[in-house]
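Okay, run32.cif now, which holds mmCIF, C-alpha atoms and all ligand atoms:
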```cif
data_input
loop_
_atom_site.group_PDB
_atom_site.id
_atom_site.type_symbol
_atom_site.label_atom_id
_atom_site.label_comp_id
_atom_site.auth_asym_id
_atom_site.auth_seq_id
_atom_site.Cartn_x
_atom_site.Cartn_y
_atom_site.Cartn_z
ATOM 1 C CA MET B 1 9.475 -15.150 2.127
ATOM 2 C CA ASN B 2 5.782 -14.291 2.122
ATOM 3 C CA LYS B 3 6.800 -10.786 2.965
ATOM 4 C CA LEU B 4 9.463 -10.591 0.261
ATOM 5 C CA PHE B 5 7.047 -11.844 -2.338
ATOM 6 C CA TYR B 6 4.246 -9.411 -1.545
ATOM 7 C CA LEU B 7 6.292 -6.295 -1.073
ATOM 8 C CA PHE B 8 8.516 -6.982 -4.021
ATOM 9 C CA LEU B 9 5.544 -7.349 -6.316
ATOM 10 C CA ILE B 10 3.484 -4.507 -4.911
ATOM 11 C CA LEU B 11 6.330 -2.019 -4.877
ATOM 12 C CA PHE B 12 7.824 -3.160 -8.148
ATOM 13 C CA PHE B 13 4.611 -2.806 -10.079
ATOM 14 C CA THR B 14 3.641 0.400 -8.311
ATOM 15 C CA SER B 15 6.900 1.988 -9.355
ATOM 16 C CA CYS B 16 6.743 0.658 -12.896
ATOM 17 C CA SER B 17 3.266 2.018 -13.453
ATOM 18 C CA THR B 18 4.032 5.457 -12.056
ATOM 19 C CA GLY B 19 6.978 6.202 -14.342
ATOM 20 C CA LYS B 20 10.328 7.788 -13.683
ATOM 21 C CA GLU B 21 9.344 11.191 -12.378
ATOM 22 C CA THR B 22 7.296 9.797 -9.517
ATOM 23 C CA LYS B 23 9.339 6.665 -8.967
ATOM 24 C CA ILE B 24 8.585 5.156 -5.608
ATOM 25 C CA PRO B 25 11.698 3.539 -4.137
ATOM 26 C CA CYS B 26 11.425 -0.238 -4.332
ATOM 27 C CA TYR B 27 12.727 -2.306 -1.444
ATOM 28 C CA ALA B 28 13.191 -6.048 -1.213
ATOM 29 C CA TRP B 29 13.106 -7.958 2.078
ATOM 30 C CA MET B 30 15.522 -10.835 2.181
ATOM 31 C CA GLY B 31 17.597 -12.985 4.504
ATOM 32 C CA GLY B 32 21.077 -14.419 4.153
ATOM 33 C CA PRO B 33 23.854 -14.842 3.384
ATOM 34 C CA GLY B 34 24.128 -18.520 4.408
ATOM 35 C CA ASP B 35 27.017 -20.146 2.576
ATOM 36 C CA ALA B 36 26.962 -17.712 -0.352
ATOM 37 C CA THR B 37 30.327 -16.416 -1.529
ATOM 38 C CA ASP B 38 30.969 -12.726 -2.146
ATOM 39 C CA ASN B 39 30.714 -13.376 -5.891
ATOM 40 C CA GLN B 40 27.354 -15.085 -5.533
ATOM 41 C CA ILE B 41 25.987 -12.254 -3.376
ATOM 42 C CA THR B 42 27.315 -9.691 -5.851
ATOM 43 C CA SER B 43 25.565 -11.289 -8.805
ATOM 44 C CA GLU B 44 22.309 -11.645 -6.857
ATOM 45 C CA PHE B 45 22.390 -7.979 -5.819
ATOM 46 C CA LYS B 46 23.265 -6.791 -9.336
ATOM 47 C CA ASP B 47 20.325 -8.787 -10.654
ATOM 48 C CA LEU B 48 17.972 -7.165 -8.123
ATOM 49 C CA LYS B 49 19.279 -3.715 -8.996
ATOM 50 C CA GLU B 50 18.694 -4.368 -12.690
ATOM 51 C CA LYS B 51 15.150 -5.467 -11.916
ATOM 52 C CA GLY B 52 14.381 -2.101 -10.309
ATOM 53 C CA ILE B 53 15.144 -2.702 -6.641
ATOM 54 C CA ASP B 54 16.620 0.382 -4.942
ATOM 55 C CA GLY B 55 17.338 -0.973 -1.505
ATOM 56 C CA LEU B 56 17.433 -4.060 0.659
ATOM 57 C CA MET B 57 15.942 -4.819 4.040
ATOM 58 C CA TYR B 58 18.427 -7.520 4.856
ATOM 59 C CA SER B 59 18.173 -9.938 7.752
ATOM 60 C CA ALA B 60 21.359 -11.689 8.847
ATOM 61 C CA GLY B 61 21.027 -12.396 12.554
ATOM 62 C CA HIS B 62 22.868 -10.301 15.121
ATOM 63 C CA ASP B 63 26.519 -10.403 14.050
ATOM 64 C CA PRO B 64 27.695 -6.930 12.940
ATOM 65 C CA GLU B 65 30.532 -8.447 10.891
ATOM 66 C CA VAL B 66 28.057 -10.263 8.655
ATOM 67 C CA TYR B 67 26.192 -7.003 8.020
ATOM 68 C CA ARG B 68 29.510 -5.239 7.349
ATOM 69 C CA ARG B 69 30.411 -7.799 4.685
ATOM 70 C CA VAL B 70 27.017 -7.898 2.945
ATOM 71 C CA ALA B 71 26.403 -4.128 3.179
ATOM 72 C CA LYS B 72 29.699 -3.462 1.439
ATOM 73 C CA ILE B 73 28.627 -5.669 -1.464
ATOM 74 C CA ALA B 74 25.172 -4.050 -1.583
ATOM 75 C CA LYS B 75 26.657 -0.556 -1.768
ATOM 76 C CA ALA B 76 29.009 -1.630 -4.553
ATOM 77 C CA ALA B 77 25.939 -2.901 -6.452
ATOM 78 C CA GLY B 78 24.283 0.504 -6.021
ATOM 79 C CA LEU B 79 21.723 -0.627 -3.458
ATOM 80 C CA GLU B 80 20.655 1.038 -0.227
ATOM 81 C CA PHE B 81 21.239 -1.289 2.702
ATOM 82 C CA HIS B 82 19.054 -1.530 5.807
ATOM 83 C CA ALA B 83 19.662 -4.129 8.497
ATOM 84 C CA TRP B 84 16.329 -5.887 9.130
ATOM 85 C CA ILE B 85 16.392 -7.232 12.678
ATOM 86 C CA PRO B 86 13.436 -8.475 14.747
ATOM 87 C CA THR B 87 13.253 -6.272 17.831
ATOM 88 C CA LEU B 88 11.131 -7.864 20.553
ATOM 89 C CA THR B 89 11.226 -11.491 19.432
ATOM 90 C CA GLN B 90 14.423 -13.059 20.703
ATOM 91 C CA ASN B 91 14.575 -16.708 19.745
ATOM 92 C CA ASN B 92 17.209 -19.147 20.946
ATOM 93 C CA ASN B 93 19.281 -16.236 22.171
ATOM 94 C CA PRO B 94 21.562 -17.355 25.031
ATOM 95 C CA ASP B 95 22.049 -13.714 26.099
ATOM 96 C CA MET B 96 18.376 -13.480 27.059
ATOM 97 C CA LYS B 97 17.511 -14.318 30.660
ATOM 98 C CA PRO B 98 14.260 -16.231 31.237
ATOM 99 C CA GLU B 99 12.847 -13.406 33.389
ATOM 100 C CA TRP B 100 13.172 -10.938 30.498
ATOM 101 C CA PHE B 101 10.386 -12.621 28.536
ATOM 102 C CA ALA B 102 6.797 -11.352 28.478
ATOM 103 C CA LEU B 103 4.072 -12.955 30.624
ATOM 104 C CA ASN B 104 0.466 -13.378 29.542
ATOM 105 C CA GLY B 105 -2.677 -12.780 31.604
ATOM 106 C CA ILE B 106 -2.543 -16.290 33.066
ATOM 107 C CA GLY B 107 1.099 -16.018 34.087
ATOM 108 C CA GLU B 108 2.696 -18.012 31.265
ATOM 109 C CA SER B 109 6.008 -16.820 29.831
ATOM 110 C CA THR B 110 6.831 -16.706 26.139
ATOM 111 C CA TYR B 111 10.220 -18.052 27.239
ATOM 112 C CA ASP B 112 8.899 -21.604 27.437
ATOM 113 C CA LYS B 113 5.391 -21.096 26.056
ATOM 114 C CA PRO B 114 5.608 -19.119 22.820
ATOM 115 C CA THR B 115 2.273 -17.517 21.924
ATOM 116 C CA TYR B 116 0.122 -19.695 19.647
ATOM 117 C CA GLY B 117 2.867 -22.326 19.878
ATOM 118 C CA ALA B 118 4.634 -20.457 17.060
ATOM 119 C CA GLY B 119 8.351 -21.218 17.117
ATOM 120 C CA HIS B 120 9.414 -17.593 16.659
ATOM 121 C CA TYR B 121 6.979 -16.114 19.196
ATOM 122 C CA HIS B 122 9.385 -15.709 22.102
ATOM 123 C CA PHE B 123 8.657 -12.054 22.926
ATOM 124 C CA VAL B 124 10.670 -10.142 25.507
ATOM 125 C CA CYS B 125 9.130 -7.505 27.776
ATOM 126 C CA PRO B 126 9.703 -3.958 26.441
ATOM 127 C CA ASN B 127 9.460 -2.537 29.983
ATOM 128 C CA ARG B 128 12.720 -4.027 31.301
ATOM 129 C CA PRO B 129 15.798 -1.804 31.189
ATOM 130 C CA GLU B 130 18.004 -4.896 30.679
ATOM 131 C CA VAL B 131 16.007 -5.725 27.563
ATOM 132 C CA THR B 132 16.066 -2.224 26.112
ATOM 133 C CA ASP B 133 19.787 -1.864 26.886
ATOM 134 C CA TYR B 134 20.455 -5.112 25.063
ATOM 135 C CA ILE B 135 18.377 -4.078 22.046
ATOM 136 C CA VAL B 136 19.883 -0.600 21.830
ATOM 137 C CA GLU B 137 23.407 -2.033 21.967
ATOM 138 C CA LEU B 138 22.569 -4.614 19.318
ATOM 139 C CA TYR B 139 21.232 -2.028 16.850
ATOM 140 C CA SER B 140 23.891 0.569 17.655
ATOM 141 C CA LYS B 141 26.737 -1.809 16.750
ATOM 142 C CA ILE B 142 25.116 -2.333 13.371
ATOM 143 C CA ALA B 143 24.222 1.346 12.850
ATOM 144 C CA ASP B 144 27.930 2.111 13.412
ATOM 145 C CA ILE B 145 28.912 0.237 10.242
ATOM 146 C CA PRO B 146 29.638 2.896 7.576
ATOM 147 C CA GLU B 147 28.005 0.947 4.713
ATOM 148 C CA VAL B 148 24.752 0.424 6.623
ATOM 149 C CA ASP B 149 22.202 3.104 5.673
ATOM 150 C CA GLY B 150 19.710 2.264 8.354
ATOM 151 C CA VAL B 151 18.087 -0.220 10.679
ATOM 152 C CA HIS B 152 14.698 -1.747 9.996
ATOM 153 C CA LEU B 153 12.603 -2.763 13.001
ATOM 154 C CA ASP B 154 10.287 -5.747 12.860
ATOM 155 C CA PHE B 155 8.297 -7.453 15.628
ATOM 156 C CA ILE B 156 8.366 -4.097 17.373
ATOM 157 C CA ARG B 157 5.151 -4.912 19.186
ATOM 158 C CA PHE B 158 3.356 -7.170 21.631
ATOM 159 C CA PRO B 159 2.177 -10.633 20.553
ATOM 160 C CA ASP B 160 -1.129 -10.473 18.638
ATOM 161 C CA VAL B 161 -3.833 -10.326 21.320
ATOM 162 C CA ILE B 162 -6.208 -10.965 18.436
ATOM 163 C CA LEU B 163 -4.925 -12.775 15.377
ATOM 164 C CA ALA B 164 -5.721 -11.507 11.888
ATOM 165 C CA LYS B 165 -8.988 -13.154 10.808
ATOM 166 C CA GLY B 166 -7.357 -15.069 7.986
ATOM 167 C CA LEU B 167 -5.279 -16.986 10.538
ATOM 168 C CA TRP B 168 -8.101 -18.125 12.836
ATOM 169 C CA LYS B 169 -8.745 -21.325 10.913
ATOM 170 C CA LYS B 170 -5.078 -22.295 10.935
ATOM 171 C CA PHE B 171 -4.982 -22.075 14.734
ATOM 172 C CA GLY B 172 -8.550 -23.322 15.293
ATOM 173 C CA LEU B 173 -9.509 -20.123 17.121
ATOM 174 C CA VAL B 174 -12.381 -17.669 17.171
ATOM 175 C CA MET B 175 -10.914 -14.436 18.478
ATOM 176 C CA ASP B 176 -14.066 -12.424 19.102
ATOM 177 C CA LYS B 177 -12.447 -10.574 22.027
ATOM 178 C CA GLU B 178 -9.201 -10.345 23.984
ATOM 179 C CA TYR B 179 -8.392 -13.535 25.879
ATOM 180 C CA PRO B 180 -5.884 -13.523 28.763
ATOM 181 C CA GLN B 181 -3.669 -16.265 27.329
ATOM 182 C CA TYR B 182 -2.846 -14.025 24.337
ATOM 183 C CA ASP B 183 -2.670 -10.756 26.287
ATOM 184 C CA TYR B 184 0.758 -9.412 27.428
ATOM 185 C CA CYS B 185 2.635 -8.239 29.500
ATOM 186 C CA TYR B 186 1.656 -9.090 33.044
ATOM 187 C CA CYS B 187 5.185 -9.467 34.473
ATOM 188 C CA ASP B 188 5.751 -8.070 37.971
ATOM 189 C CA LYS B 189 7.405 -4.945 36.621
ATOM 190 C CA CYS B 190 4.630 -4.100 34.155
ATOM 191 C CA VAL B 191 1.940 -4.694 36.787
ATOM 192 C CA ALA B 192 3.798 -2.626 39.428
ATOM 193 C CA ASP B 193 4.674 0.236 37.081
ATOM 194 C CA PHE B 194 1.096 0.466 35.841
ATOM 195 C CA LYS B 195 -0.212 0.513 39.417
ATOM 196 C CA ALA B 196 2.265 3.244 40.384
ATOM 197 C CA LYS B 197 1.190 5.304 37.397
ATOM 198 C CA THR B 198 -2.587 4.892 37.537
ATOM 199 C CA GLY B 199 -3.462 3.337 40.909
ATOM 200 C CA ILE B 200 -5.043 0.393 39.060
ATOM 201 C CA ASP B 201 -4.032 -3.155 39.991
ATOM 202 C CA ILE B 202 -4.614 -4.686 36.591
ATOM 203 C CA LYS B 203 -4.436 -8.221 38.007
ATOM 204 C CA THR B 204 -7.650 -7.600 39.976
ATOM 205 C CA VAL B 205 -9.597 -6.246 36.983
ATOM 206 C CA ALA B 206 -12.160 -8.695 35.598
ATOM 207 C CA ASP B 207 -11.794 -7.557 31.982
ATOM 208 C CA PRO B 208 -8.529 -5.689 31.374
ATOM 209 C CA SER B 209 -9.521 -5.090 27.731
ATOM 210 C CA GLN B 210 -11.957 -2.442 29.018
ATOM 211 C CA VAL B 211 -9.235 -0.404 30.749
ATOM 212 C CA GLU B 212 -8.158 2.322 28.324
ATOM 213 C CA GLU B 213 -5.166 3.336 30.489
ATOM 214 C CA TRP B 214 -3.787 -0.218 30.335
ATOM 215 C CA LYS B 215 -3.902 -0.131 26.552
ATOM 216 C CA GLN B 216 -2.226 3.265 26.463
ATOM 217 C CA PHE B 217 0.448 2.097 28.935
ATOM 218 C CA ARG B 218 1.456 -0.651 26.530
ATOM 219 C CA TYR B 219 1.289 1.537 23.405
ATOM 220 C CA ASP B 220 3.625 3.890 25.254
ATOM 221 C CA LEU B 221 6.097 1.116 26.150
ATOM 222 C CA ILE B 222 6.547 0.279 22.481
ATOM 223 C CA THR B 223 6.674 3.950 21.449
ATOM 224 C CA SER B 224 9.272 4.661 24.127
ATOM 225 C CA LEU B 225 11.530 1.869 22.862
ATOM 226 C CA VAL B 226 11.144 3.147 19.297
ATOM 227 C CA ASP B 227 12.008 6.669 20.499
ATOM 228 C CA THR B 228 15.173 5.427 22.215
ATOM 229 C CA LEU B 229 16.247 3.557 19.092
ATOM 230 C CA THR B 230 15.405 6.574 16.920
ATOM 231 C CA VAL B 231 17.596 8.906 19.003
ATOM 232 C CA MET B 232 20.459 6.386 18.894
ATOM 233 C CA THR B 233 20.159 5.832 15.135
ATOM 234 C CA HIS B 234 19.833 9.507 14.259
ATOM 235 C CA SER B 235 22.835 10.366 16.447
ATOM 236 C CA ARG B 236 24.822 8.210 14.023
ATOM 237 C CA ASN B 237 23.224 9.926 11.019
ATOM 238 C CA LYS B 238 21.506 6.711 10.021
ATOM 239 C CA LEU B 239 17.891 5.992 9.105
ATOM 240 C CA ILE B 240 15.393 4.041 11.157
ATOM 241 C CA THR B 241 12.312 2.412 9.632
ATOM 242 C CA ALA B 242 9.822 -0.219 10.723
ATOM 243 C CA ALA B 243 7.480 -2.912 9.474
ATOM 244 C CA VAL B 244 4.149 -2.108 11.129
ATOM 245 C CA PHE B 245 0.681 -3.622 11.189
ATOM 246 C CA PRO B 246 -2.057 -2.008 9.081
ATOM 247 C CA GLY B 247 -3.713 1.046 10.534
ATOM 248 C CA PRO B 248 -2.656 2.296 13.001
ATOM 249 C CA ASN B 249 -6.171 2.795 14.422
ATOM 250 C CA SER B 250 -8.118 0.142 12.528
ATOM 251 C CA ILE B 251 -5.772 -2.773 13.315
ATOM 252 C CA ALA B 252 -2.248 -2.131 14.665
ATOM 253 C CA LYS B 253 -3.275 -0.578 17.979
ATOM 254 C CA LYS B 254 -6.056 -3.089 18.550
ATOM 255 C CA ILE B 255 -4.187 -6.306 17.918
ATOM 256 C CA VAL B 256 -0.482 -5.639 18.574
ATOM 257 C CA ARG B 257 -0.448 -2.354 20.589
ATOM 258 C CA GLN B 258 1.425 -0.344 17.975
ATOM 259 C CA GLU B 259 0.480 3.338 18.111
ATOM 260 C CA TRP B 260 2.842 3.947 15.252
ATOM 261 C CA ASP B 261 1.529 7.344 14.233
ATOM 262 C CA LYS B 262 3.400 8.604 17.333
ATOM 263 C CA TRP B 263 6.756 7.236 16.159
ATOM 264 C CA ASN B 264 9.411 9.597 14.786
ATOM 265 C CA ILE B 265 10.981 7.082 12.435
ATOM 266 C CA ASP B 266 12.023 7.898 8.874
ATOM 267 C CA ALA B 267 9.641 5.632 6.943
ATOM 268 C CA PHE B 268 6.779 3.230 7.643
ATOM 269 C CA TYR B 269 6.295 -0.083 5.837
ATOM 270 C CA PRO B 270 2.830 -1.354 6.778
ATOM 271 C CA MET B 271 2.283 -5.057 6.255
ATOM 272 C CA ASN B 272 -0.987 -4.551 4.417
ATOM 273 C CA TYR B 273 -1.491 -8.210 3.600
ATOM 274 C CA ASN B 274 -5.131 -8.180 2.546
ATOM 275 C CA ASP B 275 -5.511 -11.955 2.600
ATOM 276 C CA PHE B 276 -4.522 -12.082 6.307
ATOM 277 C CA TYR B 277 -7.574 -9.950 7.003
ATOM 278 C CA LEU B 278 -9.842 -11.662 4.459
ATOM 279 C CA GLU B 279 -10.070 -8.414 2.525
ATOM 280 C CA GLY B 280 -9.934 -7.555 -1.158
ATOM 281 C CA THR B 281 -7.410 -5.312 -2.823
ATOM 282 C CA LYS B 282 -9.512 -2.149 -2.335
ATOM 283 C CA TRP B 283 -8.787 -2.534 1.376
ATOM 284 C CA ILE B 284 -5.081 -1.968 0.666
ATOM 285 C CA GLY B 285 -5.958 1.503 -0.592
ATOM 286 C CA ASP B 286 -8.160 2.157 2.425
ATOM 287 C CA VAL B 287 -5.452 1.255 4.968
ATOM 288 C CA CYS B 288 -2.778 3.132 2.998
ATOM 289 C CA ARG B 289 -4.963 6.233 3.152
ATOM 290 C CA GLU B 290 -5.520 5.692 6.871
ATOM 291 C CA GLY B 291 -1.777 5.411 7.472
ATOM 292 C CA VAL B 292 -0.783 8.444 5.400
ATOM 293 C CA THR B 293 -3.502 10.530 7.083
ATOM 294 C CA SER B 294 -2.537 9.327 10.566
ATOM 295 C CA ILE B 295 1.079 10.424 10.165
ATOM 296 C CA ASN B 296 -0.018 13.667 8.439
ATOM 297 C CA ASN B 297 2.032 12.575 5.446
ATOM 298 C CA ARG B 298 5.144 13.749 7.320
ATOM 299 C CA LYS B 299 7.210 10.674 6.337
ATOM 300 C CA PRO B 300 7.036 8.130 3.535
ATOM 301 C CA LEU B 301 4.640 5.252 4.027
HETATM 302 ZN ZN ZN W 401 6.495 -6.891 31.360
#
```

I'd like the structure from this file rewritten - as C-alpha cells, please.
Amino acid sequence: MNKLFYLFLILFFTSCSTGKETKIPCYAWMGGPGDATDNQITSEFKDLKEKGIDGLMYSAGHDPEVYRRVAKIAKAAGLEFHAWIPTLTQNNNPDMKPEWFALNGIGESTYDKPTYGAGHYHFVCPNRPEVTDYIVELYSKIADIPEVDGVHLDFIRFPDVILAKGLWKKFGLVMDKEYPQYDYCYCDKCVADFKAKTGIDIKTVADPSQVEEWKQFRYDLITSLVDTLTVMTHSRNKLITAAVFPGPNSIAKKIVRQEWDKWNIDAFYPMNYNDFYLEGTKWIGDVCREGVTSINNRKPL
C-alpha cells in the first residue's frame, strides 16, 4: 500500500498541476478483489475514475479468470487495466521446484532462506529455462484476455545486494559493500554458464563485486527475460511496463542488477521513493532526469 499511496499522490498532483493539455496519465496500484462483489468493485473503480485515475495496475495473484472478471469491470468504468504480477518472486507457489530458486554467495537458497528474512523474498533464478517458461506462460495467459491492456512487471530483478540506506536501521545492517549472503545467483547453472562465457570461475574469485563481467552477466539475464516477455506481449498487441528501481545507473544497476535502459518495454515506472534513500524531494527530480536521459526519452517514464 506504500506504493499505492506514493504513486497515487505524486501522479495525481502532477497531473492536476499541469492542466488538461499536458495531462500525465495517472495510474493507481492496487490489489484485490478479495471477497468484493462486482457491484462493490464497480463503485470503487468509478470513484477512482472520478478522482482522476486513468488506469489500474492491479494485482490479483496468478488466476487468469480473476483478471478477466476485474478487467471487464475496469473497462466498463473507463479505466485502463494492467495486470500487476511479481515476476521473479514466487512465494508459496507449489508449481515452483526447490532447485529453481536463486542461491547466494554462501550457497543458501531463497527457497528456504528468503533474503533478509523477508517473507516475500523467495526469488527464483532468471537463468533457468523452466523458470522463464513458467513465467512466460503465466503472463501470456493473462495477456490473452481481451479486456487486459497490458502486463506490469514487478520484482523483475535480483534481491537487493545492497539495501536502500533508509532500510539499514530496520534490518540492523551497514551495507558499505556487497556481501556474499545478499549476492545472487550462484546456482550451478549460473556459475557454469558464466564460466563457459568468460572463462572465469566466479566461485574462486575473492571479491566477485570487482568482476565487471559478472555484473553484466546478471544484468543481461534480467534484460533477456524482459525481452522474451516483451516479444510475447507485443505479439498479442498488448502493452508491457515495469516497476523499476531509481536510476538506472545511480541505483538500479548497483543494488538490484536492473539495466533497465536496455529494456524495450512500453513505459517505465521508477520507484523513486526518496525516503528509502534518505533523500529530499529534489532527488526525485534528479533521478527522473537520469531515467528520461538514459532511455533517450523514447518511452514514457
Ligand atoms: Zn542461478

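You will find CA of Asp261 in chain B at 16.8 Å from CA of Val231 in chain B.
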
query: Gln181 in chain B: which residues within 12 Å, counting all atoms listed in the file, same-chain residues fewer than 6 positions away excluded, as a PyMOL selection string?
result: chain B and resi 102-110+113-117+159-162+175

Report as a Markdown table: every residue of chain B with an atom at most 7 Å from ligand ZN 401 (chain W), its closest pair of atoms, and their distance in Å to one decimal, counting only C-alpha atoms and all ligand atoms, with rows sorted by chain and ascending residue number.
```
| residue | atom | partner | partner_atom | distance |
| --- | --- | --- | --- | --- |
| B:Ala102 | CA | W:ZN401 | ZN | 5.3 |
| B:Leu103 | CA | W:ZN401 | ZN | 6.6 |
| B:Cys125 | CA | W:ZN401 | ZN | 4.5 |
| B:Pro126 | CA | W:ZN401 | ZN | 6.6 |
| B:Asn127 | CA | W:ZN401 | ZN | 5.4 |
| B:Arg128 | CA | W:ZN401 | ZN | 6.9 |
| B:Cys185 | CA | W:ZN401 | ZN | 4.5 |
| B:Tyr186 | CA | W:ZN401 | ZN | 5.6 |
| B:Cys187 | CA | W:ZN401 | ZN | 4.2 |
| B:Asp188 | CA | W:ZN401 | ZN | 6.8 |
| B:Lys189 | CA | W:ZN401 | ZN | 5.7 |
| B:Cys190 | CA | W:ZN401 | ZN | 4.4 |
```

- request: Excluding Glu213 in chain B and residues on its chain fewer than 2 positions from it, collect all residues at most 12 Å away from it, counting only C-alpha atoms, and give them as number ranges by chain.
  value: B: 194-195, 197-202, 208-211, 215-220

task: Please identify all polymer residues lying at most 12 Å from the point (22.9, -5.4, -9.8) (file coordinates), using only C-alpha atoms, and present the result as a VMD selection string.
output: chain B and resid 39 to 56 73 to 80

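In terms of minimum interatomic distance to Gly166 in chain B, B:Leu278 ranks closest within B:Asp38, B:Leu278, B:Pro25, B:Val292, counting all atoms listed in the file.
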
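What separates CA of Phe81 in chain B from CA of Val148 in chain B is a distance of 5.5 Å.
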
- request: May I ask for the distance between CA of Pro146 in chain B and CA of Met30 in chain B, given in Å to one decimal place?
  value: 20.4 Å
